[in-house]
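Data from my_file_9.cif: mmCIF, C-alpha atoms
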data_input
loop_
_atom_site.label_atom_id
_atom_site.label_comp_id
_atom_site.auth_asym_id
_atom_site.auth_seq_id
_atom_site.Cartn_x
_atom_site.Cartn_y
_atom_site.Cartn_z
CA TYR A 1 99.82 -125.89 -2.40
CA VAL A 2 96.58 -124.19 -3.50
CA ALA A 3 96.20 -120.52 -4.42
CA VAL A 4 93.04 -119.02 -2.91
CA GLU A 5 92.52 -115.30 -3.55
CA GLY A 6 95.41 -113.55 -1.76
CA GLU A 7 96.65 -116.69 0.00
CA CYS A 8 98.37 -119.99 -0.65
CA TRP A 9 97.14 -122.94 1.41
CA ALA A 10 99.58 -125.73 2.25
CA VAL A 11 97.48 -128.92 2.33
CA ASP A 12 98.61 -132.30 3.63
CA VAL A 13 98.41 -134.68 0.64
CA VAL A 14 97.62 -137.71 2.84
CA THR A 15 94.85 -136.28 5.04
CA GLY A 16 93.67 -133.34 2.94
CA SER A 17 93.81 -131.04 5.96
CA PRO A 18 95.24 -127.49 5.63
CA GLN A 19 98.57 -127.19 7.46
CA PHE A 20 99.30 -123.47 7.20
CA VAL A 21 98.58 -120.42 5.06
CA LEU A 22 101.04 -118.17 3.23
CA LYS A 23 100.19 -114.63 2.12
CA ALA A 24 100.98 -113.20 -1.30
CA PRO A 25 103.38 -110.23 -1.04
CA GLN A 26 101.56 -106.98 -1.74
CA LEU A 27 102.46 -103.88 -3.74
CA ALA A 28 101.93 -100.56 -2.01
CA ASP A 29 99.40 -99.33 -4.57
CA GLN A 30 97.50 -102.54 -5.37
CA ARG A 31 95.63 -105.23 -3.43
CA SER A 32 96.68 -108.45 -5.12
CA ASP A 33 95.57 -112.05 -5.36
CA TRP A 34 97.95 -114.98 -5.82
CA GLY A 35 98.04 -115.89 -9.55
CA TYR A 36 100.68 -118.25 -10.98
CA LEU A 37 101.79 -120.97 -8.55
CA ASN A 38 104.71 -123.38 -8.77
CA GLN A 39 107.09 -125.16 -6.41
CA GLU A 40 110.74 -126.05 -7.00
CA GLY A 41 112.74 -127.50 -4.12
CA GLU A 42 112.23 -125.34 -1.04
CA LEU A 43 110.84 -122.37 -2.96
CA LEU A 44 107.33 -121.39 -3.96
CA PHE A 45 106.94 -119.17 -7.01
CA GLY A 46 103.98 -116.94 -7.59
CA SER A 47 102.63 -113.90 -9.34
CA GLY A 48 100.56 -111.01 -8.05
CA MET A 49 97.42 -110.22 -10.00
CA LYS A 50 94.68 -107.70 -9.38
CA ALA A 51 92.17 -108.83 -6.77
CA GLY A 52 89.18 -110.58 -8.33
CA ALA A 53 90.89 -111.27 -11.67
CA SER A 54 90.28 -115.03 -11.57
CA LEU A 55 86.95 -116.34 -12.83
CA ARG A 56 84.90 -117.62 -9.88
CA GLU A 57 81.26 -117.56 -10.93
CA LEU A 58 79.76 -120.61 -12.63
CA SER A 59 77.11 -119.13 -14.89
CA ARG A 60 75.92 -118.95 -18.48
CA ASP A 61 77.25 -115.39 -18.72
CA THR A 62 80.71 -116.59 -17.69
CA ILE A 63 80.65 -119.13 -20.50
CA ASN A 64 79.11 -116.89 -23.17
CA PHE A 65 81.01 -113.68 -22.48
CA MET A 66 84.24 -114.73 -20.74
CA ILE A 67 85.22 -118.14 -22.12
CA GLU A 68 83.59 -119.29 -25.37
CA GLY A 69 84.27 -117.66 -28.74
CA ASP A 70 87.09 -115.42 -29.98
CA PHE A 71 88.97 -112.63 -28.22
CA ARG A 72 88.16 -113.78 -24.68
CA PRO A 73 90.33 -112.33 -21.90
CA MET A 74 93.12 -114.25 -20.21
CA ILE A 75 94.29 -113.68 -16.63
CA ALA A 76 97.39 -111.50 -16.20
CA SER A 77 99.68 -110.44 -13.36
CA THR A 78 101.88 -107.43 -12.66
CA TYR A 79 104.76 -108.90 -10.60
CA LEU A 80 106.53 -112.15 -9.69
CA PHE A 81 108.00 -113.44 -6.42
CA ALA A 82 109.69 -116.40 -4.74
CA MET A 83 109.30 -117.38 -1.08
CA ASP A 84 110.35 -120.11 1.32
CA ARG A 85 107.65 -122.76 0.97
CA ARG A 86 107.46 -123.36 4.72
CA THR A 87 107.97 -119.94 6.31
CA GLY A 88 106.70 -117.59 3.61
CA ASP A 89 109.87 -115.48 3.79
CA VAL A 90 110.17 -113.65 0.46
CA GLN A 91 113.45 -114.49 -1.30
CA TRP A 92 113.06 -112.14 -4.24
CA SER A 93 110.49 -110.20 -6.25
CA TYR A 94 110.32 -108.82 -9.78
CA THR A 95 108.33 -105.77 -10.87
CA GLY A 96 108.96 -104.62 -14.41
CA ASN A 97 106.17 -102.03 -14.76
CA SER A 98 104.63 -104.46 -17.22
CA VAL A 99 101.87 -107.04 -17.60
CA ILE A 100 102.71 -110.76 -17.43
CA MET A 101 100.28 -113.32 -18.83
CA ASN A 102 99.82 -116.12 -16.26
CA ASN A 103 99.78 -118.73 -19.07
CA GLY A 104 103.12 -117.34 -20.23
CA ILE A 105 105.17 -118.29 -17.14
CA THR A 106 107.20 -121.48 -16.80
CA THR A 107 110.33 -122.86 -15.09
CA GLY A 108 113.19 -125.13 -16.10
CA ASP A 109 116.92 -125.67 -15.74
CA GLY A 110 117.24 -123.26 -12.82
CA ARG A 111 115.40 -120.40 -14.48
CA LEU A 112 111.97 -118.79 -14.43
CA TYR A 113 110.80 -117.69 -17.88
CA PHE A 114 107.93 -115.39 -18.78
CA VAL A 115 106.46 -113.17 -21.48
CA GLU A 116 105.74 -109.58 -20.50
CA SER A 117 104.11 -106.70 -22.35
CA ARG A 118 104.22 -102.95 -22.09
CA SER A 119 101.74 -102.32 -24.86
CA GLU A 120 99.46 -99.35 -24.27
CA LYS A 121 96.37 -101.52 -23.94
CA ALA A 122 98.09 -103.95 -21.60
CA LEU A 123 99.26 -101.22 -19.24
CA ALA A 124 95.79 -99.63 -19.27
CA ASN A 125 94.14 -102.86 -18.07
CA GLU A 126 92.31 -102.38 -14.78
CA ASP A 127 90.82 -105.76 -13.82
CA GLY A 128 93.62 -108.28 -14.54
CA ARG A 129 91.73 -109.80 -17.50
CA LEU A 130 93.33 -109.01 -20.83
CA ARG A 131 92.80 -109.97 -24.45
CA VAL A 132 95.81 -111.78 -25.89
CA ASP A 133 95.86 -109.69 -29.09
CA TRP A 134 96.08 -106.53 -26.94
CA PHE A 135 98.91 -108.11 -24.91
CA CYS A 136 100.85 -109.03 -28.08
CA GLU A 137 100.14 -105.77 -29.90
CA SER A 138 103.56 -104.19 -29.17
CA ASP A 139 106.49 -103.97 -26.71
CA THR A 140 106.50 -107.69 -25.85
CA GLU A 141 109.58 -109.42 -24.42
CA LEU A 142 110.67 -112.90 -23.41
CA VAL A 143 112.59 -112.80 -20.10
CA ALA A 144 114.59 -115.27 -17.97
CA LEU A 145 115.33 -114.86 -14.25
CA ASP A 146 117.59 -116.94 -12.04
CA LEU A 147 115.23 -119.19 -10.10
CA ALA A 148 117.04 -118.95 -6.77
CA ARG A 149 118.06 -115.27 -6.74
CA GLY A 150 115.66 -113.53 -9.13
CA ASP A 151 118.53 -111.97 -11.12
CA GLU A 152 117.72 -111.17 -14.73
CA LEU A 153 119.71 -113.45 -17.05
CA TRP A 154 118.47 -112.30 -20.44
CA ARG A 155 115.59 -110.62 -22.25
CA HIS A 156 114.69 -110.43 -25.93
CA PRO A 157 111.91 -108.66 -27.82
CA VAL A 158 109.40 -111.03 -29.43
CA ALA A 159 106.56 -110.56 -31.89
CA PHE A 160 103.80 -113.12 -31.54
CA PRO A 161 100.69 -113.13 -33.80
CA TYR A 162 98.49 -114.55 -31.04
CA GLU A 163 94.91 -113.40 -30.67
CA GLN A 164 93.08 -116.07 -28.64
CA ILE A 165 95.48 -117.90 -26.32
CA MET A 166 99.18 -118.10 -25.50
CA PHE A 167 101.15 -120.74 -23.60
CA LEU A 168 104.84 -120.92 -22.63
CA SER A 169 106.43 -124.31 -21.85
CA TYR A 170 109.94 -125.59 -21.13
CA SER A 171 111.46 -128.95 -22.05
CA ASP A 172 114.94 -130.27 -22.84
CA GLY A 173 116.61 -126.87 -23.17
CA VAL A 174 113.85 -125.44 -25.36
CA LEU A 175 111.29 -122.75 -24.57
CA LEU A 176 108.12 -123.38 -26.53
CA ALA A 177 105.58 -120.63 -27.17
CA VAL A 178 102.29 -121.75 -28.70
CA GLY A 179 99.14 -119.76 -29.36
CA SER A 180 96.28 -119.31 -31.76
CA ASP A 181 95.22 -116.59 -34.17
CA ASN A 182 92.67 -116.17 -36.95
CA VAL A 183 93.82 -116.57 -40.55
CA ASP A 184 90.98 -115.75 -42.91
CA THR A 185 88.14 -118.02 -41.70
CA LYS A 186 90.29 -120.65 -39.93
CA VAL A 187 92.03 -121.03 -36.57
CA GLN A 188 95.82 -121.22 -36.84
CA TYR A 189 98.33 -122.29 -34.19
CA ASP A 190 101.80 -120.73 -34.35
CA LEU A 191 104.67 -122.50 -32.61
CA PHE A 192 107.97 -120.81 -31.71
CA GLY A 193 111.04 -122.56 -30.29
CA PHE A 194 113.71 -120.61 -28.35
CA ASP A 195 117.06 -121.63 -26.88
CA ALA A 196 116.33 -121.57 -23.15
CA ALA A 197 119.95 -120.78 -22.24
CA THR A 198 120.12 -117.61 -24.35
CA GLY A 199 116.57 -116.78 -25.44
CA ARG A 200 117.62 -116.82 -29.08
CA PRO A 201 115.03 -118.03 -31.63
CA LYS A 202 115.49 -121.59 -32.94
CA TRP A 203 112.47 -122.13 -35.19
CA HIS A 204 108.89 -121.18 -36.09
CA ASN A 205 106.13 -123.30 -37.59
CA SER A 206 102.35 -123.14 -37.85
CA CYS A 207 99.41 -125.43 -38.48
CA GLN A 208 95.68 -125.45 -39.12
CA ASN A 209 93.30 -128.32 -38.55
CA GLY A 210 90.36 -126.83 -40.42
CA ASP A 211 88.45 -125.50 -37.40
CA PRO A 212 86.52 -122.29 -38.15
CA ILE A 213 87.09 -119.10 -36.18
CA GLY A 214 84.78 -118.21 -33.31
CA GLY A 215 84.67 -121.77 -32.00
CA SER A 216 82.68 -122.52 -28.87
CA HIS A 217 84.28 -125.86 -27.91
CA GLY A 218 87.90 -124.99 -27.29
CA GLU A 219 89.07 -124.88 -30.90
CA GLN A 220 91.26 -121.84 -30.17
CA TRP A 221 92.47 -122.80 -26.66
CA GLN A 222 94.39 -126.04 -27.23
CA HIS A 223 97.50 -126.46 -25.06
CA PRO A 224 100.47 -128.24 -26.66
CA VAL A 225 101.62 -131.61 -25.32
CA ILE A 226 105.36 -132.38 -25.10
CA ILE A 227 106.43 -136.04 -24.98
CA GLY A 228 110.17 -136.55 -25.15
CA THR A 229 111.39 -134.53 -28.14
CA ARG A 230 107.98 -134.31 -29.83
CA VAL A 231 105.47 -131.49 -29.60
CA PHE A 232 101.84 -132.39 -30.27
CA SER A 233 99.66 -129.50 -31.36
CA ASP A 234 96.29 -130.95 -32.29
CA PRO A 235 96.21 -132.64 -34.78
CA PHE A 236 99.91 -132.68 -35.76
CA ALA A 237 103.32 -133.43 -34.24
CA PHE A 238 106.56 -131.43 -34.48
CA ASP A 239 110.20 -131.93 -33.53
CA LEU A 240 110.90 -129.99 -30.32
CA HIS A 241 114.40 -128.96 -31.40
CA THR A 242 113.89 -128.15 -35.08
CA GLY A 243 110.16 -127.45 -35.48
CA GLU A 244 109.95 -129.92 -38.37
CA GLN A 245 106.46 -131.36 -38.81
CA LEU A 246 106.51 -135.12 -38.23
CA VAL A 247 104.38 -137.91 -39.67
CA TYR A 248 101.43 -137.98 -37.28
CA MET A 249 97.72 -137.23 -37.55
CA LEU A 250 95.29 -137.14 -34.64
CA ASP A 251 91.60 -137.52 -35.45
CA ARG A 252 90.00 -136.68 -32.10
CA GLY A 253 86.47 -137.66 -33.04
CA GLY A 254 83.36 -135.84 -31.90
CA HIS A 255 83.61 -132.56 -29.94
CA GLY A 256 86.75 -130.47 -29.64
CA CYS A 257 86.46 -129.20 -26.06
CA GLY A 258 88.95 -130.29 -23.45
CA GLY A 259 92.73 -130.16 -23.54
CA LEU A 260 94.91 -133.21 -24.09
CA THR A 261 96.90 -134.85 -21.30
CA ALA A 262 99.59 -137.48 -21.84
CA SER A 263 101.74 -140.33 -20.60
CA THR A 264 104.78 -141.79 -22.35
CA HIS A 265 102.88 -143.69 -25.04
CA PHE A 266 99.40 -142.13 -25.17
CA MET A 267 97.52 -138.86 -25.14
CA TYR A 268 94.10 -138.58 -23.54
CA GLY A 269 91.17 -136.35 -24.44
CA ARG A 270 87.58 -136.04 -25.44
CA GLY A 271 86.38 -137.51 -28.72
CA GLY A 272 82.72 -137.52 -27.74
CA ASN A 273 83.54 -140.08 -25.05
CA PRO A 274 86.91 -140.17 -23.26
CA ARG A 275 89.59 -141.64 -25.50
CA MET A 276 93.25 -142.58 -25.40
CA TYR A 277 95.35 -141.81 -28.48
CA PRO A 278 98.57 -143.77 -29.17
CA VAL A 279 101.51 -141.59 -30.19
CA GLY A 280 103.67 -144.33 -31.75
CA VAL A 281 101.55 -144.52 -34.92
CA GLU A 282 101.15 -142.42 -38.06
CA LYS A 283 97.41 -141.81 -37.62
CA THR A 284 94.88 -142.50 -34.89
CA SER A 285 91.25 -141.86 -34.03
CA GLY A 286 91.77 -143.10 -30.50
CA ILE A 287 90.56 -145.92 -28.28
CA ARG A 288 87.34 -145.28 -26.35
CA LEU A 289 87.66 -145.70 -22.60
CA THR A 290 83.88 -145.70 -22.13
CA ASN A 291 80.81 -145.45 -24.34
CA VAL A 292 78.54 -143.96 -21.68
CA SER A 293 80.37 -140.94 -20.24
CA ARG A 294 82.24 -137.82 -21.24
CA PRO A 295 85.16 -136.00 -19.62
CA GLY A 296 85.04 -132.35 -18.60
CA CYS A 297 85.74 -129.40 -20.86
CA TRP A 298 89.38 -128.86 -19.92
CA LEU A 299 92.15 -131.11 -18.48
CA ASN A 300 90.09 -133.93 -17.01
CA ILE A 301 91.82 -137.25 -17.80
CA ILE A 302 94.70 -137.95 -15.41
CA PRO A 303 97.30 -140.64 -16.23
CA ALA A 304 99.19 -141.32 -12.99
CA GLY A 305 100.58 -144.25 -11.02
CA GLY A 306 99.82 -146.76 -13.76
CA MET A 307 96.15 -145.74 -13.85
CA ILE A 308 93.88 -143.48 -15.86
CA VAL A 309 91.55 -141.46 -13.65
CA LEU A 310 88.51 -139.45 -14.80
CA PRO A 311 87.08 -137.34 -11.96
CA GLU A 312 83.44 -136.45 -12.67
CA SER A 313 83.30 -133.10 -14.44
CA SER A 314 80.34 -133.27 -16.81
CA SER A 315 77.26 -132.95 -14.60
CA GLY A 316 76.89 -129.22 -15.29
CA CYS A 317 76.49 -129.88 -19.02
CA THR A 318 73.34 -130.68 -21.00
CA CYS A 319 75.10 -133.26 -23.17
CA ASP A 320 73.13 -136.52 -23.29
CA TYR A 321 75.62 -138.93 -21.70
CA PRO A 322 73.87 -141.31 -19.27
CA ILE A 323 76.62 -141.92 -16.70
CA GLN A 324 77.91 -138.97 -14.65
CA THR A 325 80.44 -140.41 -12.23
CA SER A 326 84.17 -140.75 -11.63
CA PHE A 327 86.11 -143.59 -13.24
CA GLY A 328 89.45 -145.26 -12.60
CA PHE A 329 91.07 -147.65 -15.10
CA ILE A 330 93.99 -150.06 -14.76
CA PRO A 331 95.74 -151.96 -17.58
CA GLN A 332 93.93 -155.14 -18.58
CA SER A 333 97.12 -157.15 -18.09
CA ILE A 334 96.91 -156.48 -14.34
CA LEU A 335 93.41 -157.95 -14.02
#
Using structure tokens, write down the structure that the file contains.
Amino acid sequence: YVAVEGECWAVDVVTGSPQFVLKAPQLADQRSDWGYLNQEGELLFGSGMKAGASLRELSRDTINFMIEGDFRPMIASTYLFAMDRRTGDVQWSYTGNSVIMNNGITTGDGRLYFVESRSEKALANEDGRLRVDWFCESDTELVALDLARGDELWRHPVAFPYEQIMFLSYSDGVLLAVGSDNVDTKVQYDLFGFDAATGRPKWHNSCQNGDPIGGSHGEQWQHPVIIGTRVFSDPFAFDLHTGEQLVYMLDRGGHGCGGLTASTHFMYGRGGNPRMYPVGVEKTSGIRLTNVSRPGCWLNIIPAGGMIVLPESSSGCTCDYPIQTSFGFIPQSIL
């Protein structure tokens, strides 16, 4: 399923051909695009955001004024919905007269969780692109809905210090909120754990890796990685259930752009070249996968099916890496 403006395309995964198109439900007073997208069982879950909110233009202005640096806007929605993934019949919808950050929506254990804001600046937003510090300024709540029926199960007020980015994730009965803010001259990541069944706070911790504020290579956008009961927030690791910082140090190497992906025993990211970072050690600077290429600037290294795949995503950059092509790797033991 692929969200395209106000539609969701159902694409055959074997042939790549579109099978049918589903339309995002519309509010009476707003033309909406399809924002958040997820599928659980026979249901599709989505959010309605203001038309044109997503970034579509590849340009220097997009990079300089919409992505790089501090206080860049995130994409937000104004309502949620669930529909039959084959027929498009709407099963339920939620409109809370609020703003919902698309990065702050997740599912797990039969529930849909999200962070919504009714701050004055959030409600005044007109284009669906909103600074995170404005979103978190006041009147922010963490909410859980029943996945099948849309019934509200609980809601709790929250106070997050986030200014640059905010993510919400679910794993093993824990809701994890992670985001970044500026503390003096350094970027800080604050991590909050909540009981997913009740929404009650479990723990809070924070970390700094020494990156200065105003970074232009993703220093303030890093998404956490959850492997089992460990949370990796570059460059440290934390216990998912207690928030205790564990013995682990990740030295990524050159360049900080690009988020980390993971399999059971490794994380993958950019350290100049593409690298794989073992997680069963106390400290690592990674293992280079190539010396002649670089991955893209976001999630670009895919561990799947016993392989590591790097689709080409660097050819729009001026970095001096000689090979711009897609790679696929298999374990040496298979050769």
* List the neighbours of region 53-63 of chain A out to 6 Å using only C-alpha atoms; skip same-chain residues closer than 4 positions along the sequence, and give me the result as an NGL selection string. => :A and (67-68 or 127-128)
Env of Gln19 (chain A): 7 Å cut, atoms = only C-alpha atoms, seq-sep filter 4 positions within chain, self excluded. Answer as a PDB file with C-alpha atoms, in the frame of the given file.
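Result written to part24.pdb:
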ATOM      1  CA  ALA A  10      99.580-125.730   2.250  1.00  0.00           C
ATOM      2  CA  VAL A  11      97.480-128.920   2.330  1.00  0.00           C
ATOM      3  CA  ASP A  12      98.610-132.300   3.630  1.00  0.00           C
TER       4      ASP A  12
END
* To do: Identify which of the residues A:Phe71, A:Phe45, A:Trp34, A:Phe232 lies closest to Tyr94 (chain A), counting all atoms listed in the file when measuring atom-to-atom distances.
  =>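 Of A:Phe71, A:Phe45, A:Trp34, A:Phe232, the one nearest Tyr94 (chain A), counting all atoms listed in the file, is A:Phe45.
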* Using only C-alpha atoms, which of A:Ala124, A:Leu175, A:Leu250, A:Met101 sits nearest Thr140 (chain A)? -> A:Met101
* Top pick for closest residue to Gly46 (chain A), considering A:Arg294, A:Arg72, A:Lys23, A:Arg31 and counting only C-alpha atoms ->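 Once distances to Gly46 (chain A) are computed over only C-alpha atoms, the minimum belongs to A:Lys23.
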Would you translate the PyMOL selection byres ((chain A and resi 234) around 9) into the concrete set of residues it matches in this file, as a short mmCIF file (atom, residue, chain, number, x, y, z; two decimals) with C-alpha atoms, in the coordinates of the input?
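Result file is out37.cif:
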data_model
loop_
_atom_site.label_atom_id
_atom_site.label_comp_id
_atom_site.auth_asym_id
_atom_site.auth_seq_id
_atom_site.Cartn_x
_atom_site.Cartn_y
_atom_site.Cartn_z
CA CYS A 207 99.41 -125.43 -38.48
CA GLN A 208 95.68 -125.45 -39.12
CA ASN A 209 93.30 -128.32 -38.55
CA GLN A 222 94.39 -126.04 -27.23
CA HIS A 223 97.50 -126.46 -25.06
CA PRO A 224 100.47 -128.24 -26.66
CA VAL A 225 101.62 -131.61 -25.32
CA PHE A 232 101.84 -132.39 -30.27
CA SER A 233 99.66 -129.50 -31.36
CA PRO A 235 96.21 -132.64 -34.78
CA PHE A 236 99.91 -132.68 -35.76
CA ALA A 237 103.32 -133.43 -34.24
CA MET A 249 97.72 -137.23 -37.55
CA LEU A 250 95.29 -137.14 -34.64
CA ASP A 251 91.60 -137.52 -35.45
CA ARG A 252 90.00 -136.68 -32.10
CA LEU A 260 94.91 -133.21 -24.09
#
* Asked: Got a sec to resolve the PyMOL selection byres ((chain A and resi 191-199) around 8) on this structure and send the residues as a list in words?
  -> Leu142, Val143, Ala144, Trp154, Arg155, His156, Tyr170, Gly173, Val174, Leu175, Leu176, Ala177, Val178, Gly179, Tyr189, Asp190, Arg200, Pro201, Lys202, Trp203, His204, Asn205, Ser206, Leu240, His241, Thr242 and Gly243 of chain A
Atoms to include: C-alpha atoms. Write the selected residues as a CSV table (one decimal), keeping the file's coordinate frame.
chain,number,residue,atom,x,y,z
A,142,LEU,CA,110.7,-112.9,-23.4
A,143,VAL,CA,112.6,-112.8,-20.1
A,144,ALA,CA,114.6,-115.3,-18.0
A,154,TRP,CA,118.5,-112.3,-20.4
A,155,ARG,CA,115.6,-110.6,-22.2
A,156,HIS,CA,114.7,-110.4,-25.9
A,170,TYR,CA,109.9,-125.6,-21.1
A,173,GLY,CA,116.6,-126.9,-23.2
A,174,VAL,CA,113.8,-125.4,-25.4
A,175,LEU,CA,111.3,-122.8,-24.6
A,176,LEU,CA,108.1,-123.4,-26.5
A,177,ALA,CA,105.6,-120.6,-27.2
A,178,VAL,CA,102.3,-121.8,-28.7
A,179,GLY,CA,99.1,-119.8,-29.4
A,189,TYR,CA,98.3,-122.3,-34.2
A,190,ASP,CA,101.8,-120.7,-34.4
A,200,ARG,CA,117.6,-116.8,-29.1
A,201,PRO,CA,115.0,-118.0,-31.6
A,202,LYS,CA,115.5,-121.6,-32.9
A,203,TRP,CA,112.5,-122.1,-35.2
A,204,HIS,CA,108.9,-121.2,-36.1
A,205,ASN,CA,106.1,-123.3,-37.6
A,206,SER,CA,102.4,-123.1,-37.8
A,240,LEU,CA,110.9,-130.0,-30.3
A,241,HIS,CA,114.4,-129.0,-31.4
A,242,THR,CA,113.9,-128.2,-35.1
A,243,GLY,CA,110.2,-127.4,-35.5
* Compute the distance from (100.1, -121.4, -5.5) to each atom, counting only C-alpha atoms, keep the residues with any atom at most 10 Å away, and return them as a VMD selection string; use the coordinates of the file. => chain A and resid 1 to 10 22 24 34 to 39 44 to 47
Once the PyMOL selection byres ((chain A and resi 135) around 9) is applied to the coordinates I shared, what remains selected? I want it as an mmCIF file with C-alpha atoms, in the coordinates of the input.
data_model
loop_
_atom_site.group_PDB
_atom_site.id
_atom_site.type_symbol
_atom_site.label_atom_id
_atom_site.label_comp_id
_atom_site.auth_asym_id
_atom_site.auth_seq_id
_atom_site.Cartn_x
_atom_site.Cartn_y
_atom_site.Cartn_z
ATOM 1 C CA VAL A 99 101.870 -107.040 -17.600
ATOM 2 C CA ILE A 100 102.710 -110.760 -17.430
ATOM 3 C CA MET A 101 100.280 -113.320 -18.830
ATOM 4 C CA GLU A 116 105.740 -109.580 -20.500
ATOM 5 C CA SER A 117 104.110 -106.700 -22.350
ATOM 6 C CA ARG A 118 104.220 -102.950 -22.090
ATOM 7 C CA SER A 119 101.740 -102.320 -24.860
ATOM 8 C CA GLU A 120 99.460 -99.350 -24.270
ATOM 9 C CA LYS A 121 96.370 -101.520 -23.940
ATOM 10 C CA ALA A 122 98.090 -103.950 -21.600
ATOM 11 C CA LEU A 123 99.260 -101.220 -19.240
ATOM 12 C CA LEU A 130 93.330 -109.010 -20.830
ATOM 13 C CA ARG A 131 92.800 -109.970 -24.450
ATOM 14 C CA VAL A 132 95.810 -111.780 -25.890
ATOM 15 C CA ASP A 133 95.860 -109.690 -29.090
ATOM 16 C CA TRP A 134 96.080 -106.530 -26.940
ATOM 17 C CA CYS A 136 100.850 -109.030 -28.080
ATOM 18 C CA GLU A 137 100.140 -105.770 -29.900
ATOM 19 C CA SER A 138 103.560 -104.190 -29.170
ATOM 20 C CA ASP A 139 106.490 -103.970 -26.710
ATOM 21 C CA THR A 140 106.500 -107.690 -25.850
ATOM 22 C CA TYR A 162 98.490 -114.550 -31.040
ATOM 23 C CA GLU A 163 94.910 -113.400 -30.670
#
As AutoDock Vina command-line options, what would the box around region 63-72 of chain A look like: edges along x, y and z, 5 Å added on every side, centre and edge lengths in Å to one decimal?
--center_x 84.0 --center_y -116.0 --center_z -25.2 --size_x 19.9 --size_y 16.7 --size_z 19.5
* Grab the CA of Gln220 (chain A) to CA of Pro274 (chain A) distance for me, in Å with one decimal place. => 20.1 Å
* Asked: If you measure from CA of Asn273 (chain A) to CA of Gln164 (chain A), what distance in Å do you get, rounded to one decimal?
  ->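 Pair CA of Asn273 (chain A) / CA of Gln164 (chain A) returns 26.1 Å.
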Take region 101-112 of chain A, model N, CA, C and O atoms, and hand the result over as a CSV table (one decimal), in the coordinates of the input.
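Okay, selection-v9.csv is ready:
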chain,number,residue,atom,x,y,z
A,101,MET,N,101.4,-112.4,-18.7
A,101,MET,CA,100.3,-113.3,-18.8
A,101,MET,C,100.6,-114.6,-18.0
A,101,MET,O,101.6,-115.2,-18.1
A,102,ASN,N,99.6,-115.0,-17.1
A,102,ASN,CA,99.8,-116.1,-16.3
A,102,ASN,C,100.1,-117.4,-17.1
A,102,ASN,O,100.9,-118.2,-16.6
A,103,ASN,N,99.5,-117.6,-18.2
A,103,ASN,CA,99.8,-118.7,-19.1
A,103,ASN,C,101.2,-118.7,-19.7
A,103,ASN,O,101.7,-119.7,-20.2
A,104,GLY,N,101.8,-117.5,-19.6
A,104,GLY,CA,103.1,-117.3,-20.2
A,104,GLY,C,104.2,-117.3,-19.2
A,104,GLY,O,105.2,-116.6,-19.4
A,105,ILE,N,104.1,-118.2,-18.2
A,105,ILE,CA,105.2,-118.3,-17.1
A,105,ILE,C,105.5,-119.8,-17.0
A,105,ILE,O,104.6,-120.6,-17.0
A,106,THR,N,106.8,-120.1,-17.0
A,106,THR,CA,107.2,-121.5,-16.8
A,106,THR,C,108.6,-121.5,-16.2
A,106,THR,O,109.3,-120.5,-16.1
A,107,THR,N,109.0,-122.7,-15.7
A,107,THR,CA,110.3,-122.9,-15.1
A,107,THR,C,111.0,-124.0,-15.7
A,107,THR,O,110.4,-124.9,-16.3
A,108,GLY,N,112.4,-124.0,-15.6
A,108,GLY,CA,113.2,-125.1,-16.1
A,108,GLY,C,114.7,-124.8,-16.1
A,108,GLY,O,115.0,-123.7,-16.3
A,109,ASP,N,115.5,-125.8,-15.7
A,109,ASP,CA,116.9,-125.7,-15.7
A,109,ASP,C,117.4,-124.5,-14.9
A,109,ASP,O,118.3,-123.8,-15.3
A,110,GLY,N,116.8,-124.3,-13.7
A,110,GLY,CA,117.2,-123.3,-12.8
A,110,GLY,C,116.8,-121.9,-13.2
A,110,GLY,O,117.4,-120.9,-12.6
A,111,ARG,N,115.9,-121.7,-14.1
A,111,ARG,CA,115.4,-120.4,-14.5
A,111,ARG,C,113.9,-120.3,-14.4
A,111,ARG,O,113.2,-121.3,-14.6
A,112,LEU,N,113.4,-119.1,-14.3
A,112,LEU,CA,112.0,-118.8,-14.4
A,112,LEU,C,111.8,-117.9,-15.7
A,112,LEU,O,112.5,-116.9,-15.8
